[in-house]
$ cat coords_36.pdb   # PDB, C-alpha atoms
MODEL        1
ATOM      1  CA  MET C 299      -5.656   1.683  27.117  1.00  0.00           C
ATOM      2  CA  PRO C 300      -5.752  -1.911  25.800  1.00  0.00           C
ATOM      3  CA  THR C 301      -2.932  -4.275  26.737  1.00  0.00           C
ATOM      4  CA  GLU C 302      -0.725  -5.981  24.179  1.00  0.00           C
ATOM      5  CA  LEU C 303      -2.637  -9.226  24.720  1.00  0.00           C
ATOM      6  CA  GLU C 304      -5.964  -7.430  24.198  1.00  0.00           C
ATOM      7  CA  LEU C 305      -4.647  -5.878  20.990  1.00  0.00           C
ATOM      8  CA  ASP C 306      -3.514  -9.310  19.770  1.00  0.00           C
ATOM      9  CA  ARG C 307      -7.014 -10.698  20.340  1.00  0.00           C
ATOM     10  CA  LEU C 308      -8.732  -7.692  18.773  1.00  0.00           C
ATOM     11  CA  PHE C 309      -6.486  -8.011  15.727  1.00  0.00           C
ATOM     12  CA  TRP C 310      -7.187 -11.751  15.375  1.00  0.00           C
ATOM     13  CA  ASN C 311     -10.933 -11.312  15.798  1.00  0.00           C
ATOM     14  CA  ALA C 312     -11.017  -8.548  13.187  1.00  0.00           C
ATOM     15  CA  ILE C 313      -8.812 -10.294  10.628  1.00  0.00           C
ATOM     16  CA  ASN C 314     -10.897 -13.444  11.090  1.00  0.00           C
ATOM     17  CA  ALA C 315     -14.285 -11.691  10.732  1.00  0.00           C
ATOM     18  CA  ASN C 316     -13.644  -8.776   8.358  1.00  0.00           C
ATOM     19  CA  ALA C 317     -12.876  -9.728   4.747  1.00  0.00           C
ATOM     20  CA  GLU C 318     -11.963  -6.126   3.907  1.00  0.00           C
ATOM     21  CA  PHE C 319      -9.335  -6.089   6.675  1.00  0.00           C
ATOM     22  CA  PHE C 320      -7.946  -9.456   5.558  1.00  0.00           C
ATOM     23  CA  THR C 321      -7.696  -8.218   1.957  1.00  0.00           C
ATOM     24  CA  TRP C 322      -6.107  -4.937   3.087  1.00  0.00           C
ATOM     25  CA  LEU C 323      -3.427  -6.820   5.035  1.00  0.00           C
ATOM     26  CA  LEU C 324      -2.804  -9.406   2.337  1.00  0.00           C
ATOM     27  CA  TRP C 325      -2.381  -6.670  -0.272  1.00  0.00           C
ATOM     28  CA  ARG C 326       0.682  -5.402   1.657  1.00  0.00           C
ATOM     29  CA  THR C 327       2.456  -8.757   1.560  1.00  0.00           C
ATOM     30  CA  LYS C 328       4.389 -10.576  -1.128  1.00  0.00           C
ATOM     31  CA  PHE C 329       1.434 -12.977  -1.264  1.00  0.00           C
ATOM     32  CA  SER C 330      -0.937 -10.313  -2.615  1.00  0.00           C
ATOM     33  CA  GLU C 331      -1.384 -12.014  -6.001  1.00  0.00           C
ATOM     34  CA  LYS C 332      -2.414 -15.340  -4.467  1.00  0.00           C
ATOM     35  CA  ASP C 333      -5.954 -16.451  -3.699  1.00  0.00           C
ATOM     36  CA  LEU C 334      -5.547 -17.170   0.006  1.00  0.00           C
ATOM     37  CA  VAL C 335      -7.795 -17.937   2.929  1.00  0.00           C
ATOM     38  CA  LEU C 336      -7.049 -17.562   6.606  1.00  0.00           C
ATOM     39  CA  VAL C 337      -6.510 -20.819   8.485  1.00  0.00           C
ATOM     40  CA  THR C 338      -8.625 -20.501  11.615  1.00  0.00           C
ATOM     41  CA  ASN C 339      -8.375 -23.934  13.216  1.00  0.00           C
ATOM     42  CA  GLU C 340      -4.749 -23.692  14.386  1.00  0.00           C
ATOM     43  CA  LYS C 341      -3.048 -21.881  17.220  1.00  0.00           C
ATOM     44  CA  TRP C 342      -2.465 -18.278  16.188  1.00  0.00           C
ATOM     45  CA  HIS C 343      -1.225 -16.662  19.386  1.00  0.00           C
ATOM     46  CA  GLN C 344       2.127 -16.737  21.171  1.00  0.00           C
ATOM     47  CA  ARG C 345       3.732 -19.573  19.259  1.00  0.00           C
ATOM     48  CA  TRP C 346       6.718 -20.462  21.449  1.00  0.00           C
ATOM     49  CA  TYR C 347      10.087 -21.480  20.133  1.00  0.00           C
ATOM     50  CA  ARG C 348      13.317 -22.642  21.758  1.00  0.00           C
ATOM     51  CA  ASP C 349      16.416 -21.848  19.748  1.00  0.00           C
ATOM     52  CA  PRO C 350      18.326 -25.136  19.316  1.00  0.00           C
ATOM     53  CA  VAL C 351      21.699 -23.361  19.574  1.00  0.00           C
ATOM     54  CA  THR C 352      21.200 -20.723  22.275  1.00  0.00           C
ATOM     55  CA  LYS C 353      18.415 -22.593  24.139  1.00  0.00           C
ATOM     56  CA  LYS C 354      16.623 -19.239  24.552  1.00  0.00           C
ATOM     57  CA  ASP C 355      12.838 -19.124  24.378  1.00  0.00           C
ATOM     58  CA  SER C 356      10.999 -16.637  22.197  1.00  0.00           C
ATOM     59  CA  GLU C 357       7.573 -16.263  20.672  1.00  0.00           C
ATOM     60  CA  THR C 358       5.678 -15.051  17.653  1.00  0.00           C
ATOM     61  CA  ASP C 359       2.922 -12.783  18.984  1.00  0.00           C
ATOM     62  CA  ILE C 360       0.501 -13.448  16.129  1.00  0.00           C
ATOM     63  CA  LEU C 361       0.953 -16.185  13.549  1.00  0.00           C
ATOM     64  CA  LEU C 362      -1.380 -15.881  10.592  1.00  0.00           C
ATOM     65  CA  MET C 363      -1.481 -19.077   8.586  1.00  0.00           C
ATOM     66  CA  LEU C 364      -2.749 -18.657   5.050  1.00  0.00           C
ATOM     67  CA  SER C 365      -3.764 -21.405   2.668  1.00  0.00           C
ATOM     68  CA  GLU C 366      -4.092 -21.508  -1.105  1.00  0.00           C
ATOM     69  CA  PRO C 367      -7.065 -23.845  -1.663  1.00  0.00           C
ATOM     70  CA  THR C 368      -6.201 -24.689  -5.279  1.00  0.00           C
ATOM     71  CA  THR C 369      -2.624 -25.788  -4.569  1.00  0.00           C
ATOM     72  CA  GLY C 370      -2.704 -26.670  -0.880  1.00  0.00           C
ATOM     73  CA  LYS C 371       0.327 -24.443  -0.287  1.00  0.00           C
ATOM     74  CA  ARG C 372       0.508 -22.608   3.013  1.00  0.00           C
ATOM     75  CA  TYR C 373       2.079 -19.307   3.933  1.00  0.00           C
ATOM     76  CA  ALA C 374       2.750 -17.631   7.269  1.00  0.00           C
ATOM     77  CA  LEU C 375       2.853 -14.089   8.563  1.00  0.00           C
ATOM     78  CA  HIS C 376       4.913 -13.908  11.761  1.00  0.00           C
ATOM     79  CA  ILE C 377       3.699 -10.713  13.441  1.00  0.00           C
ATOM     80  CA  GLU C 378       5.436  -8.901  16.278  1.00  0.00           C
ATOM     81  CA  ASN C 379       2.980  -6.593  18.041  1.00  0.00           C
ATOM     82  CA  LYS C 380       5.056  -3.905  19.737  1.00  0.00           C
ATOM     83  CA  PRO C 381       3.158  -1.260  21.743  1.00  0.00           C
ATOM     84  CA  ASP C 382       4.974   2.044  22.206  1.00  0.00           C
ATOM     85  CA  HIS C 383       5.828   1.395  25.856  1.00  0.00           C
ATOM     86  CA  ARG C 384       7.575  -1.931  25.187  1.00  0.00           C
ATOM     87  CA  GLN C 385      11.306  -2.397  24.701  1.00  0.00           C
ATOM     88  CA  TRP C 386      13.130  -4.679  22.302  1.00  0.00           C
ATOM     89  CA  GLU C 387      14.509  -7.852  23.813  1.00  0.00           C
ATOM     90  CA  PRO C 388      18.113  -8.668  22.823  1.00  0.00           C
ATOM     91  CA  GLU C 389      18.162  -9.987  19.235  1.00  0.00           C
ATOM     92  CA  GLN C 390      14.358 -10.035  19.121  1.00  0.00           C
ATOM     93  CA  PRO C 391      13.986  -8.671  15.567  1.00  0.00           C
ATOM     94  CA  GLU C 392      16.626 -11.036  14.157  1.00  0.00           C
ATOM     95  CA  ASN C 393      15.020 -13.977  15.926  1.00  0.00           C
ATOM     96  CA  TYR C 394      11.741 -13.471  14.053  1.00  0.00           C
ATOM     97  CA  ARG C 395      13.345 -14.491  10.748  1.00  0.00           C
ATOM     98  CA  LYS C 396      15.408 -17.247  12.337  1.00  0.00           C
ATOM     99  CA  ARG C 397      12.328 -18.716  14.048  1.00  0.00           C
ATOM    100  CA  ALA C 398      10.233 -18.441  10.880  1.00  0.00           C
ATOM    101  CA  LEU C 399      12.856 -20.306   8.849  1.00  0.00           C
ATOM    102  CA  ASP C 400      13.350 -22.970  11.494  1.00  0.00           C
ATOM    103  CA  ARG C 401       9.619 -23.591  11.988  1.00  0.00           C
ATOM    104  CA  MET C 402       8.636 -23.931   8.309  1.00  0.00           C
ATOM    105  CA  SER C 403       8.549 -27.709   8.422  1.00  0.00           C
ATOM    106  CA  LYS C 404       7.046 -28.147  11.879  1.00  0.00           C
ATOM    107  CA  TRP C 405       4.345 -25.486  11.416  1.00  0.00           C
ATOM    108  CA  ARG C 406       3.838 -26.619   7.784  1.00  0.00           C
ATOM    109  CA  TYR C 407       4.186 -23.604   5.528  1.00  0.00           C
ATOM    110  CA  ASP C 408       5.950 -23.068   2.212  1.00  0.00           C
ATOM    111  CA  ASP C 409       6.931 -19.421   2.592  1.00  0.00           C
ATOM    112  CA  PHE C 410       6.603 -16.593   5.096  1.00  0.00           C
ATOM    113  CA  GLN C 411       7.061 -12.937   5.869  1.00  0.00           C
ATOM    114  CA  THR C 412       7.914 -11.271   9.157  1.00  0.00           C
ATOM    115  CA  VAL C 413       5.837  -8.267  10.171  1.00  0.00           C
ATOM    116  CA  LEU C 414       6.341  -5.537  12.756  1.00  0.00           C
ATOM    117  CA  MET C 415       3.057  -3.974  13.856  1.00  0.00           C
ATOM    118  CA  ALA C 416       3.656  -0.922  16.060  1.00  0.00           C
ATOM    119  CA  PRO C 417       2.859   2.776  16.403  1.00  0.00           C
ATOM    120  CA  ARG C 418       4.540   4.965  13.769  1.00  0.00           C
ATOM    121  CA  SER C 419       6.577   6.639  16.507  1.00  0.00           C
ATOM    122  CA  PHE C 420       7.951   3.274  17.670  1.00  0.00           C
ATOM    123  CA  ILE C 421       8.854   2.225  14.114  1.00  0.00           C
ATOM    124  CA  ALA C 422      10.556   5.578  13.473  1.00  0.00           C
ATOM    125  CA  GLY C 423      12.400   5.375  16.798  1.00  0.00           C
ATOM    126  CA  SER C 424      13.964   1.984  16.063  1.00  0.00           C
ATOM    127  CA  PRO C 425      14.837   1.933  12.347  1.00  0.00           C
ATOM    128  CA  ALA C 426      17.573  -0.718  12.631  1.00  0.00           C
ATOM    129  CA  GLN C 427      15.226  -3.137  14.388  1.00  0.00           C
ATOM    130  CA  ALA C 428      12.295  -2.363  12.069  1.00  0.00           C
ATOM    131  CA  ALA C 429      14.533  -3.062   9.060  1.00  0.00           C
ATOM    132  CA  GLN C 430      14.920  -6.660  10.262  1.00  0.00           C
ATOM    133  CA  PHE C 431      11.247  -7.277   9.384  1.00  0.00           C
ATOM    134  CA  ASP C 432       9.939  -7.787   5.860  1.00  0.00           C
ATOM    135  CA  LEU C 433       7.028  -5.472   6.459  1.00  0.00           C
ATOM    136  CA  THR C 434       6.013  -2.788   8.957  1.00  0.00           C
ATOM    137  CA  ILE C 435       2.385  -1.939   9.633  1.00  0.00           C
ATOM    138  CA  PRO C 436       1.645   1.125  11.752  1.00  0.00           C
ATOM    139  CA  TYR C 437      -1.044   0.913  14.422  1.00  0.00           C
ATOM    140  CA  GLU C 438      -2.524   4.052  12.921  1.00  0.00           C
ATOM    141  CA  GLU C 439      -3.348   2.120   9.721  1.00  0.00           C
ATOM    142  CA  VAL C 440      -4.675  -0.951  11.550  1.00  0.00           C
ATOM    143  CA  ALA C 441      -6.958   1.437  13.475  1.00  0.00           C
ATOM    144  CA  ARG C 442      -9.073   1.821  10.346  1.00  0.00           C
ATOM    145  CA  PHE C 443     -10.321  -1.705  11.081  1.00  0.00           C
ATOM    146  CA  VAL C 444      -9.613  -2.003  14.804  1.00  0.00           C
ATOM    147  CA  PRO C 445     -10.126   1.402  16.476  1.00  0.00           C
ATOM    148  CA  ALA C 446      -8.394   0.302  19.698  1.00  0.00           C
ATOM    149  CA  PHE C 447      -5.083   0.491  17.839  1.00  0.00           C
ATOM    150  CA  LEU C 448      -5.445   4.233  17.434  1.00  0.00           C
ATOM    151  CA  VAL C 449      -5.861   4.648  21.186  1.00  0.00           C
ATOM    152  CA  ALA C 450      -2.903   2.319  21.814  1.00  0.00           C
ATOM    153  CA  GLY C 451      -0.725   4.207  19.337  1.00  0.00           C
ATOM    154  CA  LEU C 452      -1.406   7.623  20.785  1.00  0.00           C
ATOM    155  CA  ALA C 453      -1.896   7.112  24.502  1.00  0.00           C
ATOM    156  CA  PRO C 454       1.148   7.452  26.795  1.00  0.00           C
ATOM    157  CA  CYS C 455       1.811   4.597  29.197  1.00  0.00           C
TER     158      CYS C 455
ENDMDL
END

$ encode --input "coords_36.pdb" --output "structure tokens"
Amino acid sequence: MPTELELDRLFWNAINANAEFFTWLLWRTKFSEKDLVLVTNEKWHQRWYRDPVTKKDSETDILLMLSEPTTGKRYALHIENKPDHRQWEPEQPENYRKRALDRMSKWRYDDFQTVLMAPRSFIAGSPAQAAQFDLTIPYEEVARFVPAFLVAGLAPC
């Protein structure tokens, strides 16, 4: 079974190389009506953040930066990849929004959405945490473009 890190890389490679996958994902966001391109020359993986109040470190597993060529505006998708065998860290779901808001200026984007990508069973098993994200995307749907996600969503750990 692929590791979380391997799934992150497989996701990035597919979203970067497969226009149909990119369009499929974008269609699910509030940015679906915009003509956006994926920014590929910036760090996309494990963007670290230290909360200025609590001094706790956290990360965004996958940060998709999107650009609107005609306006120059940028948008971000902060994606938490949560395999079935992983547990929530304290305040992890809430921190996704907090981090996204706090990083808008530094990471240079005009708007964002937070995304939970996990097996359907994980999403169903943690409804309060999933509700903290703007969007949930089941592994089983991502598997249409990245087959390893089907294996990861169904295989016990």

$ resolve_selection --input "coords_36.pdb" --expression "the PyMOL selection byres ((chain C and resi 404-417) around 9)" --output "VMD selection string"
chain C and resid 327 to 329 363 to 365 371 to 382 391 394 to 395 398 to 403 418 to 422 428 430 to 438 440 447 to 448 450 to 452

$ resolve_selection --input "coords_36.pdb" --expression "the PyMOL selection byres ((chain C and resi 334) around 7)" --output "JSON, numbers by chain"
{"C": [332, 333, 335, 336, 364, 365, 366]}

$ resolve_selection --input "coords_36.pdb" --expression "the PyMOL selection byres ((chain C and resi 359) around 9)" --output "PyMOL selection string"
chain C and resi 303+306+342-346+357-358+360-361+376-379

$ residues_near_point --input "coords_36.pdb" --point "(-10.1, -13.2, 15.3)" --cutoff "12 Å" --atoms "only C-alpha atoms" --output "VMD selection string"
chain C and resid 304 to 317 319 to 320 336 to 343 360 to 362 444

$ write_last_selection --input "coords_36.pdb" --atoms "C-alpha atoms" --output "PDB file, in the frame of the given file"
ATOM      1  CA  GLU C 304      -5.964  -7.430  24.198  1.00  0.00           C
ATOM      2  CA  LEU C 305      -4.647  -5.878  20.990  1.00  0.00           C
ATOM      3  CA  ASP C 306      -3.514  -9.310  19.770  1.00  0.00           C
ATOM      4  CA  ARG C 307      -7.014 -10.698  20.340  1.00  0.00           C
ATOM      5  CA  LEU C 308      -8.732  -7.692  18.773  1.00  0.00           C
ATOM      6  CA  PHE C 309      -6.486  -8.011  15.727  1.00  0.00           C
ATOM      7  CA  TRP C 310      -7.187 -11.751  15.375  1.00  0.00           C
ATOM      8  CA  ASN C 311     -10.933 -11.312  15.798  1.00  0.00           C
ATOM      9  CA  ALA C 312     -11.017  -8.548  13.187  1.00  0.00           C
ATOM     10  CA  ILE C 313      -8.812 -10.294  10.628  1.00  0.00           C
ATOM     11  CA  ASN C 314     -10.897 -13.444  11.090  1.00  0.00           C
ATOM     12  CA  ALA C 315     -14.285 -11.691  10.732  1.00  0.00           C
ATOM     13  CA  ASN C 316     -13.644  -8.776   8.358  1.00  0.00           C
ATOM     14  CA  ALA C 317     -12.876  -9.728   4.747  1.00  0.00           C
ATOM     15  CA  PHE C 319      -9.335  -6.089   6.675  1.00  0.00           C
ATOM     16  CA  PHE C 320      -7.946  -9.456   5.558  1.00  0.00           C
ATOM     17  CA  LEU C 336      -7.049 -17.562   6.606  1.00  0.00           C
ATOM     18  CA  VAL C 337      -6.510 -20.819   8.485  1.00  0.00           C
ATOM     19  CA  THR C 338      -8.625 -20.501  11.615  1.00  0.00           C
ATOM     20  CA  ASN C 339      -8.375 -23.934  13.216  1.00  0.00           C
ATOM     21  CA  GLU C 340      -4.749 -23.692  14.386  1.00  0.00           C
ATOM     22  CA  LYS C 341      -3.048 -21.881  17.220  1.00  0.00           C
ATOM     23  CA  TRP C 342      -2.465 -18.278  16.188  1.00  0.00           C
ATOM     24  CA  HIS C 343      -1.225 -16.662  19.386  1.00  0.00           C
ATOM     25  CA  ILE C 360       0.501 -13.448  16.129  1.00  0.00           C
ATOM     26  CA  LEU C 361       0.953 -16.185  13.549  1.00  0.00           C
ATOM     27  CA  LEU C 362      -1.380 -15.881  10.592  1.00  0.00           C
ATOM     28  CA  VAL C 444      -9.613  -2.003  14.804  1.00  0.00           C
TER      29      VAL C 444
END

$ atom_distance --input "coords_36.pdb" --atom1 "CA of Ala426 in chain C" --atom2 "CA of Lys396 in chain C"
16.7 Å

$ atom_distance --input "coords_36.pdb" --atom1 "CA of Arg326 in chain C" --atom2 "CA of Pro445 in chain C"
19.6 Å

$ axis_aligned_box --input "coords_36.pdb" --around "range 325-329 of chain C" --padding-each-side "8 Å" --output "JSON"
{"center_x": 1.0, "center_y": -9.2, "center_z": 0.2, "size_x": 22.8, "size_y": 23.6, "size_z": 18.9}
